[in-house]
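Okay, structure30.txt is below, compact mmCIF, C-alpha atoms:
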```txt
# COMPACT_ATOMS: atom_id res chain seq x y z
CA MET A 208 91.87 85.70 103.06
CA VAL A 209 90.09 88.69 104.61
CA THR A 210 90.58 88.63 108.37
CA THR A 211 87.80 89.43 110.81
CA LEU A 212 89.55 92.70 111.68
CA ALA A 213 89.94 93.65 108.02
CA ARG A 214 86.27 92.82 107.39
CA ARG A 215 85.25 95.00 110.33
CA PHE A 216 87.38 97.82 108.94
CA LEU A 217 86.46 97.49 105.27
CA PRO A 218 83.98 100.40 105.35
CA LEU A 219 86.61 102.52 107.08
CA ALA A 220 89.27 101.56 104.56
CA LEU A 221 87.01 102.83 101.82
CA LEU A 222 85.70 105.88 103.66
CA SER A 223 85.14 108.73 101.21
CA GLY A 224 86.20 106.66 98.24
CA ALA A 225 83.13 104.50 98.66
CA ALA A 226 81.04 106.83 96.56
CA ALA A 227 83.16 106.04 93.53
CA ALA A 228 81.68 102.55 93.47
CA GLN A 229 78.20 103.94 92.82
CA VAL A 230 78.15 104.81 89.11
CA PRO A 231 76.51 107.11 88.47
CA PRO A 232 75.76 108.49 91.96
CA LEU A 233 72.47 110.13 92.76
CA SER A 234 72.20 113.67 91.46
CA ALA A 235 72.30 116.66 93.79
CA ALA A 236 68.51 116.98 93.57
CA ASP A 237 67.90 113.28 94.18
CA SER A 238 70.35 113.10 97.10
CA GLU A 239 68.81 115.94 99.11
CA PRO A 240 68.80 114.75 102.77
CA ALA A 241 65.15 115.70 103.37
CA LYS A 242 64.10 113.81 100.25
CA LEU A 243 65.93 110.67 101.39
CA GLY A 244 64.73 111.00 104.98
CA TRP A 245 68.08 110.87 106.75
CA MET A 246 67.81 111.20 110.55
CA GLN A 247 64.11 112.04 110.57
CA GLY A 248 61.90 110.78 113.38
CA SER A 249 62.42 110.14 117.09
CA PRO A 250 64.37 107.96 116.81
CA PRO A 251 65.13 107.72 113.09
CA ALA A 252 64.40 104.40 111.40
CA ILE A 253 67.44 102.12 111.33
CA ASP A 254 67.80 102.37 107.55
CA LYS A 255 67.65 106.17 107.76
CA GLN A 256 70.33 106.63 110.39
CA VAL A 257 73.70 108.33 109.83
CA ARG A 258 76.18 107.06 112.39
CA PHE A 259 79.74 107.31 113.64
CA ASP A 260 80.15 103.76 114.91
CA ASP A 261 79.54 102.04 111.56
CA ALA A 262 81.25 104.78 109.48
CA SER A 263 78.02 105.39 107.54
CA MET A 264 78.63 109.12 108.08
CA TRP A 265 81.36 108.80 105.44
CA PHE A 266 79.22 107.20 102.72
CA PHE A 267 77.43 109.13 100.00
CA PRO A 268 74.54 110.02 99.96
CA ARG A 269 74.54 110.07 103.79
CA THR A 270 77.41 112.56 103.58
CA ARG A 271 74.95 115.16 102.34
CA TRP A 272 73.52 115.08 105.88
CA SER A 273 76.65 114.31 107.91
CA PHE A 274 78.83 117.10 106.51
CA SER A 275 76.28 119.63 107.80
CA HIS A 276 75.88 117.88 111.18
CA TRP A 277 79.48 117.03 112.02
CA ARG A 278 79.28 118.11 115.66
CA GLU A 279 76.46 115.64 116.28
CA LEU A 280 78.69 112.77 115.19
CA VAL A 281 82.21 113.42 116.53
CA PRO A 282 83.66 115.17 119.61
CA THR A 283 84.62 118.80 119.02
CA ALA A 284 86.11 121.76 120.84
CA ALA A 285 84.30 125.07 120.51
CA ILE A 286 85.73 128.10 118.71
CA PRO A 287 83.63 130.85 120.32
CA ARG A 288 82.68 134.15 118.74
CA ALA A 289 82.24 137.32 120.79
CA GLY A 290 80.16 140.49 120.64
CA PRO A 291 77.69 141.56 117.94
CA PRO A 292 78.31 140.23 114.41
CA SER A 293 80.25 142.51 112.11
CA ALA A 294 78.39 143.99 109.17
CA LEU A 295 78.45 142.15 105.88
CA PRO A 296 76.53 144.39 103.45
CA ARG A 297 74.31 142.92 100.75
CA ALA A 298 74.04 143.92 97.11
CA GLU A 299 72.56 140.76 95.62
CA ARG A 300 72.38 140.26 91.89
CA ARG A 301 69.80 137.82 90.55
CA ASP A 302 71.43 137.74 87.12
CA LEU A 303 74.48 135.79 88.30
CA ASP A 304 72.79 132.37 88.17
CA ALA A 305 72.66 132.71 84.37
CA ILE A 306 76.43 133.23 83.89
CA ARG A 307 77.70 130.80 81.26
CA PHE A 308 81.08 129.09 80.95
CA THR A 309 82.59 125.90 79.53
CA PRO A 310 84.20 123.40 81.94
CA LEU A 311 87.76 122.32 81.22
CA GLY A 312 87.82 119.46 78.74
CA ALA A 313 84.15 119.92 77.82
CA THR A 314 82.51 121.27 74.70
CA ALA A 315 79.08 122.15 76.05
CA PRO A 316 78.68 125.25 78.25
CA MET A 317 76.79 125.30 81.52
CA THR A 318 75.40 128.03 83.74
CA TRP A 319 76.61 129.04 87.17
CA GLU A 320 73.37 127.67 88.63
CA GLN A 321 73.95 124.32 86.93
CA SER A 322 77.51 124.20 88.29
CA LEU A 323 76.21 124.43 91.85
CA ALA A 324 74.25 121.24 91.36
CA ALA A 325 77.06 119.55 89.43
CA ASN A 326 79.40 120.10 92.39
CA TYR A 327 76.79 119.11 95.04
CA THR A 328 77.01 122.54 96.63
CA ASP A 329 75.62 122.81 100.17
CA GLY A 330 76.25 126.54 100.53
CA ILE A 331 78.01 129.32 98.64
CA VAL A 332 78.63 133.02 99.27
CA VAL A 333 80.17 135.40 96.74
CA LEU A 334 81.55 138.73 97.96
CA HIS A 335 82.41 141.57 95.61
CA ARG A 336 84.18 144.51 97.20
CA GLY A 337 83.02 143.25 100.57
CA ARG A 338 79.32 142.93 99.70
CA ILE A 339 77.31 139.75 99.36
CA VAL A 340 76.24 139.59 95.72
CA HIS A 341 75.25 135.91 95.69
CA GLU A 342 74.24 133.45 98.43
CA ARG A 343 72.64 130.02 98.08
CA TYR A 344 72.04 126.96 100.30
CA PHE A 345 71.16 123.38 99.42
CA GLY A 346 71.22 119.94 101.04
CA ALA A 347 71.19 120.29 104.82
CA GLY A 348 72.94 123.66 104.70
CA GLY A 349 71.75 127.05 105.91
CA PRO A 350 73.11 130.45 106.98
CA ALA A 351 73.62 129.42 110.62
CA ASN A 352 74.70 125.86 109.89
CA GLN A 353 78.19 124.66 110.82
CA HIS A 354 79.50 122.56 107.92
CA ILE A 355 82.72 120.55 107.99
CA ALA A 356 85.43 122.50 106.15
CA PHE A 357 87.92 119.61 105.86
CA SER A 358 91.31 120.85 104.63
CA VAL A 359 90.27 124.50 104.48
CA THR A 360 91.26 124.12 108.15
CA LYS A 361 94.89 123.88 107.01
CA SER A 362 94.85 127.45 105.72
CA PHE A 363 93.78 128.75 109.13
CA VAL A 364 96.78 126.91 110.62
CA GLY A 365 99.05 128.33 107.91
CA THR A 366 97.80 131.83 108.70
CA LEU A 367 98.51 131.29 112.39
CA ALA A 368 102.02 130.09 111.54
CA GLU A 369 102.80 133.05 109.29
CA THR A 370 101.49 135.35 112.02
CA LEU A 371 103.87 133.89 114.59
CA ILE A 372 106.71 134.13 112.05
CA ALA A 373 105.88 137.82 111.49
CA GLU A 374 105.85 138.36 115.25
CA GLY A 375 109.26 136.74 115.61
CA ARG A 376 107.97 133.87 117.73
CA LEU A 377 108.40 131.11 115.14
CA ASP A 378 111.54 130.44 113.09
CA PRO A 379 110.56 128.61 109.88
CA ALA A 380 114.17 127.43 109.37
CA ARG A 381 114.21 125.48 112.62
CA THR A 382 113.34 121.80 112.66
CA ILE A 383 109.99 120.61 113.92
CA ALA A 384 111.75 118.41 116.47
CA SER A 385 113.52 121.43 117.94
CA TYR A 386 110.09 122.68 118.99
CA VAL A 387 108.47 119.30 119.64
CA PRO A 388 111.09 116.79 120.88
CA GLU A 389 108.44 114.06 120.87
CA LEU A 390 108.79 114.00 117.06
CA ALA A 391 112.61 113.69 117.04
CA THR A 392 112.63 110.02 115.99
CA SER A 393 109.73 110.38 113.54
CA GLY A 394 109.88 111.28 109.87
CA PHE A 395 109.44 114.90 110.93
CA GLY A 396 112.58 114.92 113.07
CA ASP A 397 114.87 116.79 110.67
CA ALA A 398 112.17 118.54 108.60
CA THR A 399 112.00 122.30 108.94
CA VAL A 400 108.82 124.15 109.76
CA ARG A 401 108.96 125.77 106.30
CA GLN A 402 109.23 122.40 104.55
CA ALA A 403 106.12 121.22 106.40
CA LEU A 404 104.24 124.48 105.70
CA ASP A 405 104.92 124.08 101.98
CA MET A 406 104.17 120.32 101.91
CA ARG A 407 107.72 119.40 100.90
CA THR A 408 108.63 116.80 103.51
CA GLY A 409 109.65 113.21 102.83
CA ILE A 410 107.44 111.55 105.46
CA ALA A 411 106.09 108.05 104.90
CA PHE A 412 102.40 108.79 104.37
CA VAL A 413 100.16 108.29 101.34
CA GLU A 414 97.26 110.73 100.93
CA ASP A 415 95.00 108.27 99.11
CA TYR A 416 91.32 108.15 100.03
CA VAL A 417 90.44 105.06 97.98
CA ALA A 418 91.34 101.63 99.34
CA ARG A 419 93.16 99.16 97.06
CA GLY A 420 92.17 96.09 99.05
CA THR A 421 91.35 95.28 102.66
CA GLU A 422 94.26 97.20 104.20
CA LEU A 423 93.50 100.45 105.96
CA THR A 424 94.58 103.55 104.07
CA ASP A 425 96.83 106.08 105.79
CA PRO A 426 93.99 108.65 105.90
CA THR A 427 91.76 106.05 107.56
CA ARG A 428 94.35 105.33 110.24
CA MET A 429 94.74 109.08 110.70
CA SER A 430 90.95 109.41 111.03
CA ILE A 431 90.86 106.72 113.72
CA ALA A 432 93.62 108.50 115.64
CA GLY A 433 91.94 111.88 115.18
CA GLY A 434 88.50 110.82 116.37
CA ALA A 435 86.67 110.83 113.03
CA ALA A 436 86.39 107.03 112.74
CA PRO A 437 85.87 104.23 115.28
CA ALA A 438 88.61 101.80 116.20
CA ALA A 439 87.58 98.14 115.93
CA PRO A 440 88.23 95.76 118.83
CA GLY A 441 91.83 94.58 118.67
CA TYR A 442 93.05 97.53 116.63
CA GLN A 443 96.76 98.00 117.33
CA GLY A 444 97.32 101.38 115.69
CA ALA A 445 97.53 104.84 117.22
CA THR A 446 94.37 106.13 118.84
CA THR A 447 95.50 109.73 119.39
CA THR A 448 96.90 112.28 116.97
CA PRO A 449 100.21 112.80 118.83
CA ALA A 450 100.85 109.05 118.85
CA PHE A 451 100.00 108.83 115.16
CA LEU A 452 102.42 111.62 114.24
CA ALA A 453 105.21 110.13 116.35
CA GLY A 454 104.78 106.83 114.51
CA ILE A 455 105.16 108.24 110.98
CA GLY A 456 108.48 107.28 109.43
CA LYS A 457 110.60 108.85 106.73
CA ARG A 458 110.43 107.78 103.09
CA GLY A 459 112.84 110.22 101.46
CA GLY A 460 114.62 113.54 101.79
CA HIS A 461 112.92 116.77 102.70
CA GLY A 462 112.73 119.83 100.45
CA GLY A 463 111.85 118.02 97.22
CA ASP A 464 108.71 118.24 95.12
CA PHE A 465 105.36 119.23 96.60
CA ALA A 466 103.42 116.27 98.02
CA TYR A 467 100.10 116.96 99.71
CA LEU A 468 100.28 115.19 103.08
CA THR A 469 97.89 116.15 105.89
CA PRO A 470 100.18 115.12 108.80
CA ASN A 471 102.40 118.08 107.90
CA THR A 472 99.66 120.39 109.16
CA GLN A 473 99.20 118.39 112.34
CA ALA A 474 102.93 118.62 113.06
CA VAL A 475 102.96 122.40 112.51
CA ALA A 476 99.87 122.76 114.71
CA TRP A 477 101.71 120.91 117.49
CA VAL A 478 104.56 123.43 117.12
CA LEU A 479 102.12 126.35 117.34
CA GLU A 480 100.48 124.93 120.44
CA ARG A 481 103.88 124.38 122.05
CA ILE A 482 104.95 127.97 121.33
CA THR A 483 101.73 129.67 122.45
CA GLY A 484 100.53 127.33 125.17
CA GLN A 485 97.08 127.47 123.56
CA SER A 486 95.08 124.92 121.63
CA ILE A 487 94.45 125.50 117.93
CA ALA A 488 90.77 126.10 118.76
CA ALA A 489 91.71 128.80 121.30
CA GLN A 490 94.11 130.45 118.86
CA ILE A 491 91.57 130.57 116.03
CA SER A 492 88.97 132.00 118.40
CA ALA A 493 91.27 134.69 119.82
CA ARG A 494 92.94 135.62 116.53
CA TYR A 495 89.98 135.44 114.13
CA TRP A 496 86.54 134.48 115.42
CA GLN A 497 86.31 137.14 118.12
CA PRO A 498 88.00 140.14 116.44
CA LEU A 499 86.27 139.49 113.09
CA GLY A 500 82.83 139.57 114.71
CA MET A 501 81.72 136.24 113.31
CA GLU A 502 78.00 135.43 113.21
CA GLU A 503 78.27 131.88 114.57
CA ASP A 504 80.58 129.89 116.78
CA ALA A 505 82.87 127.46 114.99
CA ALA A 506 84.42 124.23 116.27
CA ILE A 507 87.19 121.74 115.61
CA GLN A 508 87.08 117.97 115.82
CA VAL A 509 89.22 116.53 118.66
CA ASP A 510 90.73 113.14 119.40
CA ARG A 511 90.42 111.07 122.58
CA VAL A 512 92.79 113.37 124.51
CA GLY A 513 91.44 116.65 123.15
CA THR A 514 93.92 117.25 120.31
CA GLY A 515 92.33 119.30 117.54
CA PHE A 516 92.35 117.87 114.03
CA ALA A 517 94.18 120.81 112.48
CA GLY A 518 94.49 119.04 109.15
CA GLY A 519 90.77 119.05 108.41
CA GLY A 520 88.42 119.11 111.39
CA MET A 521 87.04 122.63 111.49
CA THR A 522 83.31 123.36 111.21
CA ALA A 523 81.95 126.84 110.57
CA ALA A 524 79.14 128.84 109.03
CA MET A 525 79.32 129.94 105.40
CA ARG A 526 79.30 133.72 105.85
CA ASP A 527 82.03 133.50 108.49
CA MET A 528 84.30 131.66 106.07
CA ALA A 529 83.67 134.47 103.59
CA ARG A 530 84.55 137.06 106.25
CA PHE A 531 87.90 135.35 106.83
CA GLY A 532 88.67 135.32 103.10
CA GLU A 533 87.70 138.97 102.72
CA MET A 534 89.97 139.93 105.62
CA ILE A 535 92.90 138.23 103.87
CA ARG A 536 91.99 139.99 100.59
CA LEU A 537 92.09 143.32 102.42
CA GLY A 538 95.65 142.77 103.59
CA GLY A 539 94.69 141.38 106.99
CA LYS A 540 92.43 144.30 107.91
CA TRP A 541 88.80 144.17 109.00
CA GLN A 542 86.71 147.26 109.61
CA GLY A 543 89.70 149.43 110.43
CA ARG A 544 91.53 146.91 112.57
CA GLN A 545 94.66 144.97 111.58
CA ILE A 546 93.79 141.33 112.32
CA VAL A 547 96.73 139.59 110.62
CA PRO A 548 100.14 141.29 110.32
CA PRO A 549 100.83 142.68 106.81
CA ALA A 550 103.99 140.57 106.53
CA ALA A 551 101.98 137.43 107.24
CA VAL A 552 99.39 138.31 104.58
CA ARG A 553 102.14 139.01 102.04
CA ALA A 554 103.59 135.56 102.77
CA ILE A 555 100.16 133.94 102.41
CA LEU A 556 99.39 135.63 99.08
CA ALA A 557 102.88 135.10 97.62
CA PRO A 558 103.10 132.12 95.23
CA GLY A 559 105.19 129.13 96.21
CA ASP A 560 107.67 127.16 94.09
CA ALA A 561 105.87 126.43 90.80
CA ALA A 562 108.56 123.97 89.68
CA ALA A 563 108.15 121.92 92.85
CA PHE A 564 104.35 121.94 92.39
CA ALA A 565 104.31 120.95 88.71
CA ALA A 566 104.68 117.20 89.26
CA ALA A 567 101.37 117.08 91.17
CA ASN A 568 99.54 117.87 87.90
CA TYR A 569 96.29 119.29 89.26
CA PRO A 570 93.66 119.99 86.56
CA GLY A 571 93.28 123.72 86.00
CA LEU A 572 96.26 124.62 88.18
CA ASP A 573 99.00 124.59 85.54
CA GLY A 574 101.71 126.99 86.65
CA GLY A 575 100.25 127.13 90.14
CA SER A 576 101.93 126.50 93.45
CA TYR A 577 101.44 125.81 97.14
CA SER A 578 102.84 127.50 100.25
CA SER A 579 101.94 128.15 103.88
CA PHE A 580 99.03 125.68 103.56
CA TRP A 581 97.42 127.83 100.83
CA TRP A 582 96.98 127.02 97.11
CA HIS A 583 98.01 129.52 94.41
CA TRP A 584 96.71 129.84 90.88
CA ALA A 585 99.13 131.10 88.19
CA SER A 586 96.91 134.10 87.42
CA GLY A 587 97.08 135.43 90.97
CA GLN A 588 94.26 133.83 92.94
CA THR A 589 94.79 132.22 96.35
CA MET A 590 92.68 129.36 97.63
CA ALA A 591 91.96 127.34 100.77
CA VAL A 592 90.75 123.93 99.62
CA GLY A 593 89.11 120.93 101.28
CA ILE A 594 88.03 117.54 99.99
CA HIS A 595 84.50 117.05 98.63
CA GLY A 596 84.37 120.65 97.37
CA GLN A 597 85.08 122.92 100.35
CA GLY A 598 86.90 126.16 99.65
CA ILE A 599 87.70 129.83 100.12
CA TYR A 600 88.74 131.51 96.86
CA ILE A 601 90.39 134.94 96.90
CA ASP A 602 90.75 136.88 93.64
CA PRO A 603 92.50 140.20 94.39
CA LYS A 604 92.22 141.54 90.84
CA ALA A 605 88.47 140.93 90.71
CA GLU A 606 88.03 142.14 94.33
CA MET A 607 86.10 138.91 94.83
CA VAL A 608 85.93 136.23 97.53
CA ILE A 609 83.97 132.99 97.17
CA ALA A 610 83.32 130.63 100.07
CA ARG A 611 81.77 127.24 99.35
CA PHE A 612 80.68 124.13 101.22
CA ALA A 613 79.79 120.97 99.31
CA SER A 614 79.28 117.23 99.61
CA PHE A 615 80.58 115.98 96.28
CA PRO A 616 80.45 112.16 96.22
CA VAL A 617 84.21 111.69 95.64
CA ALA A 618 86.82 113.13 97.98
CA THR A 619 89.42 114.52 95.58
CA ASN A 620 88.85 117.96 94.10
CA ARG A 621 90.69 116.89 90.96
CA VAL A 622 87.28 115.71 89.74
CA ILE A 623 85.48 119.01 90.23
CA ASN A 624 88.25 121.56 89.53
CA PRO A 625 87.44 121.45 85.78
CA THR A 626 84.01 122.85 86.66
CA THR A 627 84.86 124.94 89.70
CA LEU A 628 87.76 126.99 88.36
CA PRO A 629 86.15 128.12 85.07
CA ALA A 630 82.97 128.93 86.99
CA TYR A 631 84.92 131.19 89.34
CA ASP A 632 86.64 132.82 86.37
CA ALA A 633 83.26 133.49 84.78
CA MET A 634 81.91 134.96 88.01
CA ALA A 635 84.92 137.29 88.25
CA ALA A 636 84.42 138.42 84.65
CA ALA A 637 80.71 139.07 85.26
CA LEU A 638 81.39 141.13 88.34
CA ALA A 639 83.98 143.12 86.41
CA GLY A 640 81.37 143.82 83.74
CA LYS A 641 83.20 141.92 81.02
```
Would you write the structure of this file as structure tokens?
Amino acid sequence: MVTTLARRFLPLALLSGAAAAQVPPLSAADSEPAKLGWMQGSPPAIDKQVRFDDASMWFFPRTRWSFSHWRELVPTAAIPRAGPPSALPRAERRDLDAIRFTPLGATAPMTWEQSLAANYTDGIVVLHRGRIVHERYFGAGGPANQHIAFSVTKSFVGTLAETLIAEGRLDPARTIASYVPELATSGFGDATVRQALDMRTGIAFVEDYVARGTELTDPTRMSIAGGAAPAAPGYQGATTTPAFLAGIGKRGGHGGDFAYLTPNTQAVAWVLERITGQSIAAQISARYWQPLGMEEDAAIQVDRVGTGFAGGGMTAAMRDMARFGEMIRLGGKWQGRQIVPPAAVRAILAPGDAAAFAAANYPGLDGGSYSSFWWHWASGQTMAVGIHGQGIYIDPKAEMVIARFASFPVATNRVINPTTLPAYDAMAAALAGK
């Protein structure tokens, strides 16, 4: 029997997996927010509203509006920029839309332009040797728009961690509990910082975004704690991120195979905040947003006590994400200034343990790896990746950086990697003149 509480939570249990029930979903063209009338009018009609309190912000096609208006739906802390924006030269090429490639497992080719629609792209910027050669916006996106980056946020946290390691302020061999005693009795208690950074802890958490019944998924409970989903009356679970982390148990030993688990990032973020005395938002602002001369402020989703959702709550503008990726490609430098220590950049760009990663079996990432909250492709590319199609893609050999926001109907990128990765390969080849 479905209890009243479970019935109230059913939409939350489904969250991003809800789109999978609509087969086939609306196309990118047919799900354009303006076409469907989301949040138009003063006030919007009831059937056109996108809301936090009923979790409709998580349901496709409303996500095509909500992902570009995240700060209107959940509490956030600002990540301020400072000073005039840094230059980002343009050398646009109109021929790039016609690039052709064949998706993995397919027989028919498609064009780059078609791939943008296939992946429900909201915004994309391609840099070649530091110049914008391609820039497009769809859905509710735009150059100044702050879009939710989801787990791309993790790579900012990983970069902060490697920076503190390079500065001698963080010892990756120490346990998380040695920095944060509040986690001593949790599953993180005897995990090292390095094991968490590389997603090789044995904590009791399942990163599954599709409900198998009426029970809340672990990501849903995490979302309630982190402020991205409402708690129903009578809910007995954690309602803050620190409480949620402290309540996670241990399922197995640490240091085994790679297992992508978002709480690892939250635990590392707590360590970084304890070491520096600054929030994650303040650190990202001081370390990146201000010295890089970003065009727009960014923000991070916060819980009921102001804890930033370091595992996936950052919002930012498209060109600023590209600036961050380009800075990493350039060895941590930006316009003559060293932003990230060279040792930290080397750690970020170095592949992780491919054998530990193999069991995850990600399409298109055979021989790849994961480390420091960054993804690594076997042929040398490094990626920051978020659900529903968010990403920063760094290809050192091609001197190319791609930043993308999207609102793909299904959360997991396993579905769109077969299109995304060959498209990026084709773009690299085109820019190299091959």
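Each of A:Phe259, A:Phe395, A:Phe266, A:Phe345 was compared to Asp237 in chain A using only C-alpha atoms, and A:Phe345 turns out to be the nearest.
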Next on the checklist: Taking 4 positions as the minimum chain separation for residues in the same chain, which residues sit within 12 Å of Ala356 in chain A when counting only C-alpha atoms? Answer as a ChimeraX atom specification.
Outcome noted: /A:274-277,329-330,352,360-363,505-508,516-525,527-528,591-599,610-614
Select from range 217-304 of chain A every residue with an atom at most 8 Å from any atom of range 318-328 of chain A, then for each give the shortest pair of atoms and their distance in Å to one decimal, using all atoms listed in the file, rows by chain and rising number, as JSON lines.
```
{"residue": "A:Ser234", "atom": "CA", "partner": "A:Ala324", "partner_atom": "CA", "distance": 7.8}
{"residue": "A:Ala235", "atom": "CA", "partner": "A:Tyr327", "partner_atom": "CA", "distance": 5.3}
{"residue": "A:Ala236", "atom": "CA", "partner": "A:Ala324", "partner_atom": "CA", "distance": 7.5}
{"residue": "A:Leu303", "atom": "CA", "partner": "A:Trp319", "partner_atom": "CA", "distance": 7.2}
{"residue": "A:Asp304", "atom": "CA", "partner": "A:Glu320", "partner_atom": "CA", "distance": 4.8}
```
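The neighbours of Arg458 in chain A here are the residues that come within 8 Å of it, using only C-alpha atoms and leaving out any residue fewer than 4 positions away in the same chain; they are Gly394, Gly409, Ile410 and Ala411 of chain A.
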Hey, which bits of range 438-518 of chain A sit within 8 Å of range 565-581 of chain A, and for each residue what's the closest pair of atoms and how far apart in Å (one decimal), counting all atoms listed in the file, rows by chain and increasing number, as CSV?
```
residue,atom,partner,partner_atom,distance
A:Asp464,CA,A:Ala566,CA,7.2
A:Phe465,CA,A:Ala567,CA,7.1
A:Ala466,CA,A:Ala567,CA,7.2
A:Thr472,CA,A:Phe580,CA,7.7
```
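Note that the spacing between CA of Leu390 in chain A and CA of Arg481 in chain A amounts to 12.5 Å.
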At most 7 Å is the cut-off: for each residue in range 247-340 of chain A with any atom that close to an atom of range 627-637 of chain A, write down the nearest atom pair and the distance in Å rounded to one decimal, counting all atoms listed in the file, chain first then increasing number, as a Markdown table.
```
| residue | atom | partner | partner_atom | distance |
| --- | --- | --- | --- | --- |
| A:Ile306 | CA | A:Ala633 | CA | 6.9 |
| A:Phe308 | CA | A:Ala633 | CA | 6.2 |
| A:Thr309 | CA | A:Pro629 | CA | 6.9 |
| A:Pro310 | CA | A:Pro629 | CA | 6.0 |
| A:Trp319 | CA | A:Ala630 | CA | 6.4 |
```
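Atom pair CA of Ala450 in chain A / CA of Val359 in chain A has a distance of 23.6 Å (rounded to one decimal).
Among the candidates A:Gly290, A:Pro437, A:Pro498, A:Gly484, the one nearest to Trp265 in chain A when counting all atoms listed in the file is A:Pro437.
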Item to check | Option closest in space to His461 in chain A, from A:Pro426, A:Gly346, A:Gly500, A:Gly396 [counting all atoms listed in the file] | outcome: A:Gly396
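For the atom pair formed by CA of Glu533 in chain A and CA of Arg271 in chain A, the distance is 27.0 Å, given to one decimal.
Closest approach to His341 in chain A among A:Leu468, A:Ala294, A:Ala380, A:Ala529 is made by A:Ala529 (distances from only C-alpha atoms).
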Checklist outcome for this item: Judged by all atoms listed in the file, the minimum distance to Val622 in chain A among A:Gly434, A:Gly312, A:Gly462, A:Gly515 is found for A:Gly312
